[in-house]
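Peer 1: Following this line is work27.csv, made up of CSV, C-alpha atoms:
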chain,number,residue,atom,x,y,z
A,16,MET,CA,60.9,-9.7,-41.5
A,17,ASP,CA,61.6,-8.1,-38.1
A,18,ILE,CA,65.0,-9.2,-36.9
A,19,ASP,CA,64.0,-9.4,-33.2
A,20,TYR,CA,61.0,-11.5,-34.1
A,21,PHE,CA,63.2,-13.8,-36.1
A,22,LYS,CA,65.7,-14.2,-33.3
A,23,GLU,CA,63.0,-15.0,-30.8
A,24,THR,CA,61.1,-17.6,-32.9
A,25,PHE,CA,63.7,-19.5,-34.9
A,26,HIS,CA,66.2,-21.9,-33.5
A,27,PHE,CA,68.0,-24.8,-35.2
A,28,SER,CA,67.2,-28.3,-34.0
A,29,LEU,CA,70.7,-29.8,-33.8
A,30,GLY,CA,69.4,-33.3,-33.2
A,31,SER,CA,67.3,-33.2,-36.4
A,32,ASP,CA,68.2,-35.3,-39.5
A,33,SER,CA,67.2,-32.3,-41.7
A,34,PRO,CA,70.0,-30.2,-43.0
A,35,LEU,CA,70.3,-26.7,-41.6
A,36,TYR,CA,69.2,-25.0,-44.8
A,37,GLU,CA,66.0,-27.2,-44.9
A,38,GLN,CA,65.1,-26.2,-41.3
A,39,LEU,CA,65.5,-22.6,-42.2
A,40,ALA,CA,63.5,-22.9,-45.4
A,41,SER,CA,60.7,-24.7,-43.5
A,42,TYR,CA,60.6,-22.0,-40.9
A,43,ILE,CA,60.2,-19.3,-43.6
A,44,LYS,CA,57.5,-21.2,-45.4
A,45,ILE,CA,55.5,-21.5,-42.1
A,46,GLN,CA,55.8,-17.7,-41.6
A,47,ILE,CA,54.5,-17.2,-45.1
A,48,GLN,CA,51.6,-19.6,-44.6
A,49,ALA,CA,50.7,-18.0,-41.3
A,50,GLY,CA,50.6,-14.5,-42.9
A,51,ILE,CA,53.5,-13.2,-40.8
A,52,LEU,CA,55.4,-12.7,-44.0
A,53,LYS,CA,53.3,-11.2,-46.7
A,54,PRO,CA,53.8,-10.8,-50.5
A,55,GLY,CA,56.1,-7.9,-51.1
A,56,ASP,CA,57.8,-8.1,-47.7
A,57,GLN,CA,61.6,-7.9,-47.9
A,58,MET,CA,63.6,-10.8,-46.5
A,59,ILE,CA,66.5,-10.4,-44.1
A,60,THR,CA,69.6,-10.2,-46.2
A,61,GLU,CA,71.8,-13.3,-46.6
A,62,ALA,CA,74.7,-11.5,-44.9
A,63,ASN,CA,72.5,-10.7,-41.9
A,64,LEU,CA,71.2,-14.3,-41.7
A,65,CYS,CA,74.8,-15.6,-41.7
A,66,LYS,CA,75.7,-13.3,-38.9
A,67,ILE,CA,72.6,-13.9,-36.8
A,68,LEU,CA,72.7,-17.7,-37.1
A,69,ASN,CA,76.4,-18.1,-37.3
A,70,ILE,CA,76.2,-20.2,-40.4
A,71,SER,CA,77.9,-20.2,-43.7
A,72,ARG,CA,76.8,-18.2,-46.8
A,73,THR,CA,76.5,-21.5,-48.6
A,74,THR,CA,73.8,-22.8,-46.1
A,75,VAL,CA,71.8,-19.5,-46.4
A,76,ARG,CA,72.1,-19.6,-50.2
A,77,GLN,CA,70.8,-23.2,-50.4
A,78,CYS,CA,67.8,-22.1,-48.3
A,79,MET,CA,67.1,-19.1,-50.5
A,80,ASP,CA,67.5,-21.1,-53.7
A,81,ARG,CA,65.0,-23.7,-52.4
A,82,LEU,CA,62.5,-21.0,-51.6
A,83,VAL,CA,63.0,-19.3,-55.0
A,84,GLU,CA,62.5,-22.7,-56.8
A,85,GLU,CA,59.3,-23.2,-54.9
A,86,GLY,CA,58.0,-19.8,-56.0
A,87,LEU,CA,58.0,-18.4,-52.5
A,88,LEU,CA,60.8,-15.8,-52.9
A,89,VAL,CA,61.8,-13.6,-55.8
A,90,ARG,CA,65.2,-12.0,-56.2
A,91,TYR,CA,65.8,-8.6,-57.6
A,92,ARG,CA,69.4,-7.6,-58.6
A,93,GLY,CA,70.6,-4.8,-56.3
A,94,ARG,CA,67.5,-4.9,-54.1
A,95,GLY,CA,67.5,-8.3,-52.4
A,96,SER,CA,64.9,-11.0,-51.9
A,97,PHE,CA,61.2,-10.5,-51.4
A,98,ILE,CA,58.2,-12.7,-50.6
A,99,ALA,CA,56.5,-13.7,-53.8
A,100,ASP,CA,52.9,-13.3,-54.8
A,101,SER,CA,50.8,-16.4,-54.2
A,102,LYS,CA,51.0,-19.0,-56.8
A,103,MET,CA,48.3,-21.1,-58.5
A,104,LYS,CA,49.0,-24.3,-60.3
A,105,ARG,CA,46.8,-26.2,-62.8
A,106,ASN,CA,47.3,-29.1,-65.2
A,107,ILE,CA,47.2,-28.1,-68.8
A,108,ASN,CA,47.5,-31.7,-70.2
A,109,TYR,CA,43.7,-31.9,-70.4
A,110,LEU,CA,41.0,-29.7,-71.8
A,111,TYR,CA,40.7,-27.2,-69.0
A,112,ASN,CA,37.8,-25.0,-67.8
A,113,PHE,CA,39.2,-21.7,-66.6
A,114,THR,CA,36.2,-20.9,-64.4
A,115,GLU,CA,36.2,-24.3,-62.6
A,116,ASN,CA,40.0,-24.4,-62.4
A,117,MET,CA,40.2,-21.0,-60.7
A,118,LYS,CA,37.5,-22.0,-58.2
A,119,GLU,CA,39.4,-25.2,-57.4
A,120,LEU,CA,42.5,-23.1,-56.7
A,121,GLY,CA,40.7,-20.8,-54.3
A,122,ALA,CA,40.5,-17.8,-56.7
A,123,ASN,CA,37.4,-15.8,-57.7
A,124,PRO,CA,37.2,-16.0,-61.5
A,125,ASN,CA,35.5,-13.4,-63.7
A,126,SER,CA,35.7,-12.4,-67.3
A,127,ILE,CA,35.4,-9.1,-69.1
A,128,VAL,CA,33.8,-9.6,-72.6
A,129,LEU,CA,35.4,-7.5,-75.2
A,130,LYS,CA,33.7,-9.0,-78.3
A,131,SER,CA,30.9,-11.5,-78.7
A,132,GLU,CA,29.6,-11.8,-82.2
A,133,VAL,CA,29.0,-14.0,-85.2
A,134,VAL,CA,31.2,-13.2,-88.1
A,135,ASP,CA,32.5,-14.7,-91.4
A,136,ALA,CA,35.7,-16.5,-90.5
A,137,PRO,CA,38.9,-15.1,-92.0
A,138,VAL,CA,40.8,-17.6,-94.1
A,139,PHE,CA,43.3,-18.4,-91.4
A,140,ILE,CA,40.5,-19.2,-88.9
A,141,ARG,CA,38.7,-21.4,-91.5
A,142,GLU,CA,41.9,-23.4,-92.0
A,143,GLN,CA,42.5,-23.9,-88.3
A,144,LEU,CA,38.9,-25.0,-87.7
A,145,ARG,CA,38.7,-27.0,-90.9
A,146,LEU,CA,35.3,-25.5,-91.7
A,147,PRO,CA,33.2,-27.0,-94.4
A,148,SER,CA,32.9,-24.7,-97.5
A,149,THR,CA,29.2,-24.2,-96.8
A,150,GLN,CA,29.7,-23.3,-93.1
A,151,THR,CA,32.0,-20.3,-92.9
A,152,LYS,CA,30.5,-18.4,-89.9
A,153,VAL,CA,32.1,-18.5,-86.5
A,154,PHE,CA,31.2,-17.3,-83.0
A,155,LYS,CA,34.0,-14.9,-82.0
A,156,LEU,CA,34.6,-14.3,-78.3
A,157,TYR,CA,37.3,-12.0,-77.0
A,158,ARG,CA,37.6,-12.0,-73.2
A,159,LEU,CA,40.0,-10.8,-70.5
A,160,ARG,CA,40.1,-13.7,-68.1
A,161,CYS,CA,40.6,-12.5,-64.5
A,162,ALA,CA,41.2,-14.1,-61.1
A,163,ASN,CA,40.4,-12.0,-58.0
A,164,ASN,CA,39.8,-9.1,-60.5
A,165,GLU,CA,43.4,-9.3,-61.7
A,166,PRO,CA,43.9,-9.9,-65.5
A,167,ILE,CA,45.6,-13.2,-66.2
A,168,LEU,CA,44.8,-14.0,-69.9
A,169,PHE,CA,43.7,-12.1,-73.0
A,170,GLU,CA,41.8,-14.8,-74.8
A,171,LYS,CA,40.5,-14.9,-78.4
A,172,SER,CA,38.2,-17.8,-79.2
A,173,TYR,CA,36.6,-18.9,-82.4
A,174,ILE,CA,33.9,-21.7,-82.6
A,175,PRO,CA,32.1,-23.0,-85.7
A,176,TYR,CA,28.7,-21.4,-85.5
A,177,TYR,CA,26.8,-24.3,-87.0
A,178,LEU,CA,27.7,-26.2,-83.8
A,179,CYS,CA,26.2,-23.6,-81.5
A,180,GLU,CA,23.6,-21.4,-83.1
A,181,GLY,CA,22.3,-18.7,-80.7
A,182,ILE,CA,25.4,-18.9,-78.4
A,183,GLU,CA,26.0,-15.1,-79.0
A,184,TYR,CA,23.0,-14.4,-76.6
A,185,TYR,CA,24.8,-15.8,-73.6
A,186,ASP,CA,26.6,-13.5,-71.2
A,187,PHE,CA,30.1,-15.0,-71.0
A,188,SER,CA,31.2,-12.4,-68.4
A,189,SER,CA,29.6,-14.7,-65.9
A,190,VAL,CA,28.8,-17.9,-67.7
A,191,SER,CA,31.4,-20.7,-68.5
A,192,LEU,CA,31.8,-21.2,-72.3
A,193,TYR,CA,32.7,-24.9,-71.9
A,194,ASN,CA,29.8,-25.6,-69.6
A,195,THR,CA,27.4,-23.8,-72.1
A,196,LEU,CA,28.7,-25.9,-75.0
A,197,ASN,CA,28.3,-29.1,-73.0
A,198,GLU,CA,25.0,-28.5,-71.3
A,199,HIS,CA,23.1,-26.5,-74.0
A,200,TYR,CA,24.6,-27.9,-77.2
A,201,ALA,CA,25.4,-31.4,-76.1
A,202,LEU,CA,29.0,-31.0,-77.3
A,203,ASN,CA,31.3,-33.6,-75.7
A,204,LEU,CA,34.6,-31.9,-75.3
A,205,TYR,CA,37.3,-34.5,-75.6
A,206,ARG,CA,40.9,-33.3,-76.1
A,207,ALA,CA,43.0,-30.3,-77.1
A,208,THR,CA,46.5,-29.6,-78.3
A,209,GLU,CA,48.4,-26.5,-77.2
A,210,THR,CA,51.3,-24.6,-78.7
A,211,ILE,CA,53.2,-22.3,-76.3
A,212,GLU,CA,55.4,-19.6,-77.7
A,213,ALA,CA,57.5,-17.0,-76.0
A,214,ILE,CA,56.6,-13.5,-77.2
A,215,ILE,CA,57.1,-9.8,-76.5
A,216,ILE,CA,53.7,-8.3,-75.5
A,217,ASN,CA,52.6,-5.4,-77.7
A,218,ARG,CA,51.1,-2.1,-76.6
A,219,ASP,CA,47.4,-3.1,-76.9
A,220,GLU,CA,47.8,-6.4,-75.1
A,221,ALA,CA,49.9,-4.7,-72.4
A,222,THR,CA,47.1,-2.2,-71.7
A,223,LEU,CA,44.6,-5.0,-71.2
A,224,LEU,CA,47.0,-7.0,-69.0
A,225,LYS,CA,48.0,-4.0,-67.0
A,226,CYS,CA,51.7,-4.2,-67.7
A,227,THR,CA,54.2,-2.1,-69.7
A,228,ALA,CA,54.6,-2.8,-73.4
A,229,LYS,CA,57.4,-4.9,-74.7
A,230,VAL,CA,57.6,-7.2,-71.7
A,231,PRO,CA,58.1,-10.9,-72.1
A,232,GLY,CA,54.9,-13.0,-72.4
A,233,TYR,CA,53.5,-16.3,-73.7
A,234,LYS,CA,51.1,-16.9,-76.6
A,235,ILE,CA,49.2,-20.1,-76.1
A,236,GLN,CA,47.3,-21.5,-79.1
A,237,ARG,CA,44.8,-24.2,-78.5
A,238,ILE,CA,42.9,-26.4,-80.9
A,239,SER,CA,40.1,-28.4,-79.2
A,240,TYR,CA,38.3,-31.5,-80.4
A,241,LEU,CA,35.0,-33.2,-79.8
A,242,ASP,CA,34.8,-36.9,-79.1
A,243,SER,CA,33.7,-37.3,-82.7
A,244,GLY,CA,37.0,-35.9,-83.8
A,245,PHE,CA,35.6,-32.6,-85.1
A,246,ILE,CA,37.5,-29.4,-84.2
A,247,PHE,CA,35.2,-27.2,-82.2
A,248,GLU,CA,37.5,-24.4,-81.0
A,249,PHE,CA,40.5,-22.4,-81.9
A,250,THR,CA,41.8,-20.1,-79.1
A,251,THR,CA,44.8,-17.8,-78.7
A,252,SER,CA,45.7,-16.6,-75.2
A,253,ILE,CA,48.2,-14.0,-74.3
A,254,THR,CA,49.7,-13.9,-70.7
A,255,ARG,CA,52.6,-12.1,-69.1
A,256,ALA,CA,55.7,-14.2,-68.4
A,257,ASP,CA,55.8,-13.0,-64.8
A,258,LYS,CA,52.3,-14.4,-64.4
A,259,CYS,CA,52.7,-17.9,-65.8
A,260,VAL,CA,55.4,-20.6,-65.4
A,261,PHE,CA,55.2,-24.0,-67.2
A,262,GLN,CA,56.3,-27.0,-65.1
A,263,LEU,CA,56.9,-30.3,-66.8
A,264,GLU,CA,57.2,-33.6,-65.0
A,265,LEU,CA,58.9,-36.1,-67.2
A,266,TYR,CA,58.8,-39.9,-66.6
A,267,LYS,CA,60.9,-42.7,-68.0
A,268,ASN,CA,59.0,-44.7,-70.6
A,269,THR,CA,59.0,-48.5,-70.7
A,270,ASN,CA,58.4,-51.0,-73.5
A,271,SER,CA,55.1,-52.0,-72.0
A,272,THR,CA,53.7,-48.8,-70.7
A,273,LYS,CA,53.3,-45.3,-72.1
A,274,THR,CA,53.5,-42.7,-69.3
A,275,PRO,CA,52.2,-39.3,-70.2
A,276,VAL,CA,54.1,-36.1,-69.6
A,277,ASN,CA,52.5,-34.1,-66.9
A,278,ILE,CA,52.5,-30.3,-67.6
A,279,ARG,CA,51.4,-27.6,-65.2
A,280,ARG,CA,50.8,-24.0,-65.7
A,281,GLN,CA,51.7,-21.9,-62.7
A,282,VAL,CA,49.9,-18.5,-62.4
A,283,THR,CA,51.0,-15.7,-60.1
A,284,LEU,CA,48.4,-13.5,-58.5
A,285,SER,CA,48.9,-10.3,-56.6
A,286,GLN,CA,47.5,-10.1,-53.1
I'd like the structure from this file rewritten - as structure tokens, please.
Peer 2:
Amino acid sequence: MDIDYFKETFHFSLGSDSPLYEQLASYIKIQIQAGILKPGDQMITEANLCKILNISRTTVRQCMDRLVEEGLLVRYRGRGSFIADSKMKRNINYLYNFTENMKELGANPNSIVLKSEVVDAPVFIREQLRLPSTQTKVFKLYRLRCANNEPILFEKSYIPYYLCEGIEYYDFSSVSLYNTLNEHYALNLYRATETIEAIIINRDEATLLKCTAKVPGYKIQRISYLDSGFIFEFTTSITRADKCVFQLELYKNTNSTKTPVNIRRQVTLSQ
């Protein structure tokens, strides 16, 4: 941010009930929303802000901490604070549709199909899908899920083939898998369970996700169910840790009411 512009456009409102750090944080957020501050721009140092505004280091630090918590700033040791890439949030406490969710969040979704074939399921996949002994074939779909052409997830999905014969002829680089299952195979997708594990991304996954090997990431395993109770999908997704933050909203339970935990996955996109 240009210091002269900052001096001209920001002034504390001394009659306001809002604390000084909140006024400063609000100003910076407006500059980000207006595009004055862009992802990757370096913020004025905390020392300079203290000097320019004649306020304490504590006030400036409270402001910066607030912006970091909201995902608007990132700090780098020895380099300072920078405007963060834009964030996308989506609920993951329901069976999500990547294509529709990305559209709702203002991103352009696309997928790169790496594998799309019918195979005999390995023993581990048979066990996860609880396949009948007479139905061991699965539809295997490997995709790189992207938003605004930026890779977000490397996704490996397995679906019992007896539920969706012929599905291998669809082009899932442009077609939604869940919409296809619902509209063409009358499968009523009902619920899913997800297991989230912190991992170190290996070399092959790093190449797909355009990052260096051995960086932190998440492995998300999802088992999805039909309204009949049958398992219809086993999916493993790999994402970079710097692209995905999980936010949990916890509520106090009562004797008469069960309040669900609200979980959000927050995805970071480059501009």
Peer 1: What gap, in Å, lies between CA of Gly55 (chain A) and CA of Asp100 (chain A)?
Peer 2: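 These atoms are spaced 7.3 Å apart.
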Peer 1: Please provide as a PyMOL selection string all residues within 10 Å of Arg94 (chain A), with the sequence filter that same-chain residues fewer than 4 positions apart are discarded (counting all atoms listed in the file).
Peer 2: chain A and resi 57+60+90
Peer 1: In terms of the shortest atom-to-atom distance over only C-alpha atoms, which of A:Ala122, A:Leu204, A:Leu35, A:Leu82 is closest to Leu68 (chain A)?
Peer 2: A:Leu35
Peer 1: Using all atoms listed in the file, which residue out of A:Lys225, A:Tyr36, A:Tyr184, A:Phe139 lies closest to Ser71 (chain A)?
Peer 2: A:Tyr36
Peer 1: I want to know what sits within 6 Å of region 161-174 of chain A, based on only C-alpha atoms, with residues of the same chain fewer than 4 positions away left out; could you give that as a PyMOL selection string?
Peer 2: chain A and resi 122-126+153-157+224+247-254
Peer 1: Could you give me, as an mmCIF file with C-alpha atoms, in the coordinates of the input, the residues within 9 Å of Met79 (chain A), counting all atoms listed in the file and dropping anything in the same chain fewer than 5 positions from it?
Peer 2:
data_model
loop_
_atom_site.group_PDB
_atom_site.id
_atom_site.type_symbol
_atom_site.label_atom_id
_atom_site.label_comp_id
_atom_site.auth_asym_id
_atom_site.auth_seq_id
_atom_site.Cartn_x
_atom_site.Cartn_y
_atom_site.Cartn_z
ATOM 1 C CA TYR A 36 69.200 -25.000 -44.800
ATOM 2 C CA ALA A 40 63.500 -22.900 -45.400
ATOM 3 C CA GLU A 61 71.800 -13.300 -46.600
ATOM 4 C CA THR A 74 73.800 -22.800 -46.100
ATOM 5 C CA GLU A 84 62.500 -22.700 -56.800
ATOM 6 C CA LEU A 88 60.800 -15.800 -52.900
ATOM 7 C CA SER A 96 64.900 -11.000 -51.900
#
Peer 1: Skipping near chain neighbours, those fewer than 6 positions away, what residues fall within 6 Å of Gly232 (chain A) using all atoms listed in the file, listed as a PyMOL selection string?
Peer 2: chain A and resi 213-216+254-256
Peer 1: Mind giving me the straight-line distance from CA of Thr151 (chain A) to CA of Tyr205 (chain A) in Å, one decimal?
Peer 2: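 Rounded to one decimal, the two atoms are 23.0 Å apart.
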Peer 1: Just to confirm, what's the straight-line distance from CA of Asp257 (chain A) to CA of Pro54 (chain A) in Å (one decimal)?
Peer 2: 14.6 Å
Peer 1: Using all atoms listed in the file, find the one residue out of A:Ser188, A:Thr149, A:Gln48, A:Asn69 that sits nearest to Ile127 (chain A).
Peer 2: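 Looking only at the distances to Ile127 (chain A), the closest residue turns out to be A:Ser188.
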Peer 1: With only C-alpha atoms as the counted atoms, please give the residues lying no more than 12 Å from region 23-34 of chain A, apart from itself and same-chain residues fewer than 6 positions off, as a list in words.
Peer 2: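 So, after excluding close chain neighbours, the residues are Met16, Asp17, Ala40, Ser41, Tyr42, Ile43, Ile45, Gln46, Ile51, Leu64, Ile67, Leu68, Asn69, Ile70, Thr74, Val75, Gln77 and Cys78 of chain A.
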Peer 1: For the residues in the current selection, export C-alpha atoms as an mmCIF file, keeping the file's coordinate frame.
Peer 2:
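As a result, result_7.cif now contains:
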data_model
loop_
_atom_site.group_PDB
_atom_site.id
_atom_site.type_symbol
_atom_site.label_atom_id
_atom_site.label_comp_id
_atom_site.auth_asym_id
_atom_site.auth_seq_id
_atom_site.Cartn_x
_atom_site.Cartn_y
_atom_site.Cartn_z
ATOM 1 C CA MET A 16 60.900 -9.700 -41.500
ATOM 2 C CA ASP A 17 61.600 -8.100 -38.100
ATOM 3 C CA ALA A 40 63.500 -22.900 -45.400
ATOM 4 C CA SER A 41 60.700 -24.700 -43.500
ATOM 5 C CA TYR A 42 60.600 -22.000 -40.900
ATOM 6 C CA ILE A 43 60.200 -19.300 -43.600
ATOM 7 C CA ILE A 45 55.500 -21.500 -42.100
ATOM 8 C CA GLN A 46 55.800 -17.700 -41.600
ATOM 9 C CA ILE A 51 53.500 -13.200 -40.800
ATOM 10 C CA LEU A 64 71.200 -14.300 -41.700
ATOM 11 C CA ILE A 67 72.600 -13.900 -36.800
ATOM 12 C CA LEU A 68 72.700 -17.700 -37.100
ATOM 13 C CA ASN A 69 76.400 -18.100 -37.300
ATOM 14 C CA ILE A 70 76.200 -20.200 -40.400
ATOM 15 C CA THR A 74 73.800 -22.800 -46.100
ATOM 16 C CA VAL A 75 71.800 -19.500 -46.400
ATOM 17 C CA GLN A 77 70.800 -23.200 -50.400
ATOM 18 C CA CYS A 78 67.800 -22.100 -48.300
#
Peer 1: At a cut-off of 7 Å from (37.9, -7.4, -73.9) in the coordinates of the file, what residues are picked up using all atoms listed in the file, written as a list in words?
Peer 2: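 All residues meeting the 7 Å criterion around (37.9, -7.4, -73.9) are Ile127, Val128, Leu129, Lys130, Tyr157, Arg158 and Leu159 of chain A.
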Peer 1: Determine the nearest neighbour of Ile211 (chain A) from the options A:Val230, A:Gln236, A:Ala49, A:Val190, counting all atoms listed in the file.
Peer 2: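 The shortest atom-to-atom distance to Ile211 (chain A) comes from A:Gln236.
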Peer 1: Considering all atoms listed in the file, state which residue in the set A:Tyr20, A:Phe187, A:Tyr233, A:Tyr193 is at the smallest distance from Cys259 (chain A).
Peer 2: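 Closest candidate: A:Tyr233.
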Peer 1: Nearest residue to Ala207 (chain A) out of A:Asp242, A:Glu85, A:Asp19, A:Asp219, using all atoms listed in the file?
Peer 2: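 Of all the options, A:Asp242 lies closest to Ala207 (chain A).
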Peer 1: N, CA and C atoms for region 124-150 of chain A, written as a compact mmCIF listing (two decimals), in the frame of the given file, could you do that?
Peer 2:
# COMPACT_ATOMS: atom_id res chain seq x y z
N PRO A 124 37.00 -16.29 -60.09
CA PRO A 124 37.20 -16.00 -61.50
C PRO A 124 36.11 -15.04 -62.03
N ASN A 125 36.50 -14.23 -62.97
CA ASN A 125 35.50 -13.40 -63.70
C ASN A 125 36.12 -13.07 -65.05
N SER A 126 35.27 -12.68 -65.97
CA SER A 126 35.70 -12.40 -67.30
C SER A 126 35.12 -11.04 -67.76
N ILE A 127 35.89 -10.32 -68.52
CA ILE A 127 35.40 -9.10 -69.10
C ILE A 127 35.29 -9.37 -70.64
N VAL A 128 34.05 -9.34 -71.16
CA VAL A 128 33.80 -9.60 -72.60
C VAL A 128 34.14 -8.40 -73.39
N LEU A 129 35.05 -8.56 -74.33
CA LEU A 129 35.40 -7.50 -75.20
C LEU A 129 34.73 -7.54 -76.55
N LYS A 130 34.51 -8.76 -77.04
CA LYS A 130 33.70 -9.00 -78.30
C LYS A 130 32.98 -10.27 -78.15
N SER A 131 31.74 -10.27 -78.63
CA SER A 131 30.90 -11.50 -78.70
C SER A 131 29.98 -11.35 -79.84
N GLU A 132 30.34 -11.99 -80.95
CA GLU A 132 29.60 -11.80 -82.20
C GLU A 132 29.78 -12.94 -83.14
N VAL A 133 28.89 -13.00 -84.13
CA VAL A 133 29.00 -14.00 -85.20
C VAL A 133 29.51 -13.29 -86.43
N VAL A 134 30.58 -13.85 -87.00
CA VAL A 134 31.20 -13.20 -88.10
C VAL A 134 31.59 -14.27 -89.19
N ASP A 135 31.89 -13.80 -90.39
CA ASP A 135 32.50 -14.70 -91.40
C ASP A 135 33.93 -14.90 -91.04
N ALA A 136 34.34 -16.14 -91.00
CA ALA A 136 35.70 -16.50 -90.50
C ALA A 136 36.73 -16.04 -91.57
N PRO A 137 37.80 -15.38 -91.11
CA PRO A 137 38.90 -15.10 -92.00
C PRO A 137 39.53 -16.47 -92.48
N VAL A 138 40.27 -16.41 -93.55
CA VAL A 138 40.80 -17.60 -94.10
C VAL A 138 41.65 -18.43 -93.13
N PHE A 139 42.49 -17.74 -92.35
CA PHE A 139 43.30 -18.40 -91.40
C PHE A 139 42.48 -19.20 -90.36
N ILE A 140 41.41 -18.59 -89.87
CA ILE A 140 40.50 -19.20 -88.90
C ILE A 140 39.81 -20.42 -89.53
N ARG A 141 39.36 -20.26 -90.78
CA ARG A 141 38.70 -21.40 -91.50
C ARG A 141 39.64 -22.58 -91.56
N GLU A 142 40.90 -22.29 -91.85
CA GLU A 142 41.90 -23.40 -92.00
C GLU A 142 42.11 -24.07 -90.65
N GLN A 143 42.22 -23.29 -89.57
CA GLN A 143 42.50 -23.90 -88.30
C GLN A 143 41.29 -24.72 -87.80
N LEU A 144 40.07 -24.28 -88.10
CA LEU A 144 38.90 -25.00 -87.70
C LEU A 144 38.42 -26.05 -88.68
N ARG A 145 39.07 -26.06 -89.85
CA ARG A 145 38.70 -27.00 -90.90
C ARG A 145 37.21 -26.90 -91.23
N LEU A 146 36.75 -25.68 -91.44
CA LEU A 146 35.30 -25.50 -91.70
C LEU A 146 34.92 -25.99 -93.05
N PRO A 147 33.73 -26.59 -93.14
CA PRO A 147 33.20 -27.00 -94.40
C PRO A 147 32.99 -25.72 -95.31
N SER A 148 33.07 -25.87 -96.61
CA SER A 148 32.90 -24.70 -97.50
C SER A 148 31.59 -24.04 -97.40
N THR A 149 30.59 -24.79 -96.93
CA THR A 149 29.20 -24.20 -96.80
C THR A 149 28.97 -23.63 -95.43
N GLN A 150 29.93 -23.76 -94.52
CA GLN A 150 29.70 -23.30 -93.10
C GLN A 150 30.93 -22.40 -92.76
